[in-house]
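S.K.: Got a structure here, written out as structure tokens. Questions coming.
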Amino acid sequence: VLWKSGDPVKQILAACKTEKIDLLIAGALKRENLVNHYLGTIARKILHGANCSILMITRPSVDETPIKNIVVNAEDSPYIDEAIWAACHWKMADSSWIHIVRELKLLGLALAANEHCTEEEYEQRKQQMLQQEIDVVEQKLKAIPNQKHKINIKIVSGKAGFELARFAERKEADLLVMGAPPRRFSFFTRVFPHDQEYIFNDLPCNVLMVQPRKSK
């Protein structure tokens with residue numbers, strides 16, 4: 001047990017670093033108001049600054065609650081493989097689902113549309129791109145041994161973070177798993193949001209942000 005005084009965010013982040021914490025568990029509000037969005041809540045600052053994996057609890061419960069739906073963000077992180085691995089090894093209820101979400105690159109579709117292709121050719125190109133994204137996920141799943149959960153691969157288009165949050169809500173997800181972002185956020189990203197800022201601003205459910213374990 002550690003007792004510290006001072007700024008809670010600084011003390012928590014310092015403890016994670018000095019104690020070489022693998023997983024930090026903390027509570028968080030599901031939705032921030034406008035002031036908290038720009039100034040940053042404790043939960044948001046921890047998500048931005050921690051150098052370990054973080055489990056943010058938005059639905060605290062004294063009783064054990066079975067996990068029936070896990071959504072995995074398979075985009076925008078160097079730790080996608082770790083996120084999928086964590087989801088596949090999470091203890092879940094029978095007849096549960098893991099939904100792995102990946103983004104359809106709209107730039108590729110826009111370029112295809114500008115190539116003066118026919119509607120049929122455009123649709124073929126779209127289906128090819130969808131299959132390519134599905135193949136990426138399936139290859140990652142092959143590297144995970146003893147994977148027994150039911151898997152749904154979902155390809156979304158649009159603003160990835162926003163679509164991910166809405167998909168998690170539609171599926172009534174119990175847990176959203178993401179790889180840690182490749183860089184830290186700044187005030188600039190509050191005004192021009194990074195995809196994961198949509199998640200941090202309006203947590204659709206409990207969130208696990210994964211980073212690789214550190215050597216002791």
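Order determines the names: the first chain of the structure tokens is A, the second B, and so forth; residues in each chain are numbered 1 upward, and ligands are numbered 1 upward as they are shown.
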As a ChimeraX atom specification, list the residues of segment 10-94 of chain A assigned to strand (DSSP E) by DSSP on the backbone atoms of this structure.

M.R.: /A:23-27,53-57,69-73

S.K.: Since we have the selection now, will you write its residues out, keeping N, CA and C atoms, as a compact mmCIF listing (two decimals), in the first residue's frame?

M.R.:
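Below is the file that was written, out_19.txt:
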```txt
# COMPACT_ATOMS: atom_id res chain seq x y z
N LEU A 23 -0.27 -3.32 -14.70
CA LEU A 23 -1.67 -2.97 -14.94
C LEU A 23 -2.16 -2.03 -13.85
N LEU A 24 -2.66 -0.88 -14.26
CA LEU A 24 -3.28 0.09 -13.36
C LEU A 24 -4.79 0.00 -13.52
N ILE A 25 -5.51 -0.17 -12.43
CA ILE A 25 -6.98 -0.24 -12.45
C ILE A 25 -7.53 1.01 -11.78
N ALA A 26 -8.43 1.70 -12.47
CA ALA A 26 -8.96 2.96 -11.93
C ALA A 26 -10.41 3.12 -12.37
N GLY A 27 -11.13 3.96 -11.64
CA GLY A 27 -12.51 4.28 -12.00
C GLY A 27 -12.55 5.49 -12.90
N SER A 53 -0.24 -0.77 -18.89
CA SER A 53 -1.62 -1.04 -19.30
C SER A 53 -2.57 -0.48 -18.25
N ILE A 54 -3.76 -0.07 -18.70
CA ILE A 54 -4.74 0.57 -17.81
C ILE A 54 -6.11 -0.06 -18.03
N LEU A 55 -6.78 -0.38 -16.94
CA LEU A 55 -8.17 -0.83 -16.99
C LEU A 55 -9.03 0.24 -16.33
N MET A 56 -9.85 0.92 -17.14
CA MET A 56 -10.74 1.96 -16.64
C MET A 56 -12.13 1.36 -16.42
N ILE A 57 -12.60 1.44 -15.19
CA ILE A 57 -13.89 0.85 -14.82
C ILE A 57 -14.97 1.93 -14.83
N ASN A 69 -19.56 -9.57 -24.15
CA ASN A 69 -19.14 -8.94 -25.40
C ASN A 69 -17.89 -8.09 -25.17
N ILE A 70 -16.83 -8.42 -25.90
CA ILE A 70 -15.61 -7.62 -25.89
C ILE A 70 -15.41 -7.05 -27.28
N VAL A 71 -15.15 -5.76 -27.35
CA VAL A 71 -14.83 -5.11 -28.62
C VAL A 71 -13.34 -4.75 -28.60
N VAL A 72 -12.64 -5.06 -29.69
CA VAL A 72 -11.21 -4.78 -29.79
C VAL A 72 -10.97 -3.78 -30.91
N ASN A 73 -10.24 -2.72 -30.61
CA ASN A 73 -9.84 -1.76 -31.63
C ASN A 73 -8.56 -2.28 -32.29
```

S.K.: Measuring atom to atom with only C-alpha atoms, identify which of A:Asp202, A:Asp174, A:Glu123, A:Glu133 is nearest to Thr65 of chain A.

M.R.: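 Nearest to Thr65 of chain A: A:Asp174.
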
S.K.: Smallest atom-to-atom distance to Ile80 of chain A: which of A:Leu164, A:Cys117, A:Cys16, A:Val101, using only C-alpha atoms?

M.R.: A:Val101

S.K.: Using only C-alpha atoms for the distances, tell me which of A:Ala28, A:Ile134, A:Ile151, A:Val9 is nearest to Cys88 of chain A.

M.R.: A:Ile151

S.K.: Within 12 Å of Pro145 of chain A, counting only C-alpha atoms, which residues qualify if same-chain residues fewer than 5 places away don't, as a PyMOL selection string?

M.R.: chain A and resi 84-85+88-89+140

S.K.: Assign secondary structure with DSSP using the backbone only, and return the residues of segment 3-154 of chain A in alpha helix (DSSP H) as a VMD selection string.

M.R.: chain A and resid 8 to 18 34 to 39 42 to 49 80 to 88 106 to 113 119 to 142

S.K.: Between A:Lys154, A:His149, A:Arg125, A:Lys171, which is the closest to Ala74 of chain A once you count only C-alpha atoms?

M.R.: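 Checking each of A:Lys154, A:His149, A:Arg125, A:Lys171 against Ala74 of chain A, counting only C-alpha atoms, the winner is A:Lys154.
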
S.K.: So how many Å separate atom CA of Glu120 of chain A and atom CA of Lys159 of chain A, to one decimal?

M.R.: 25.6 Å
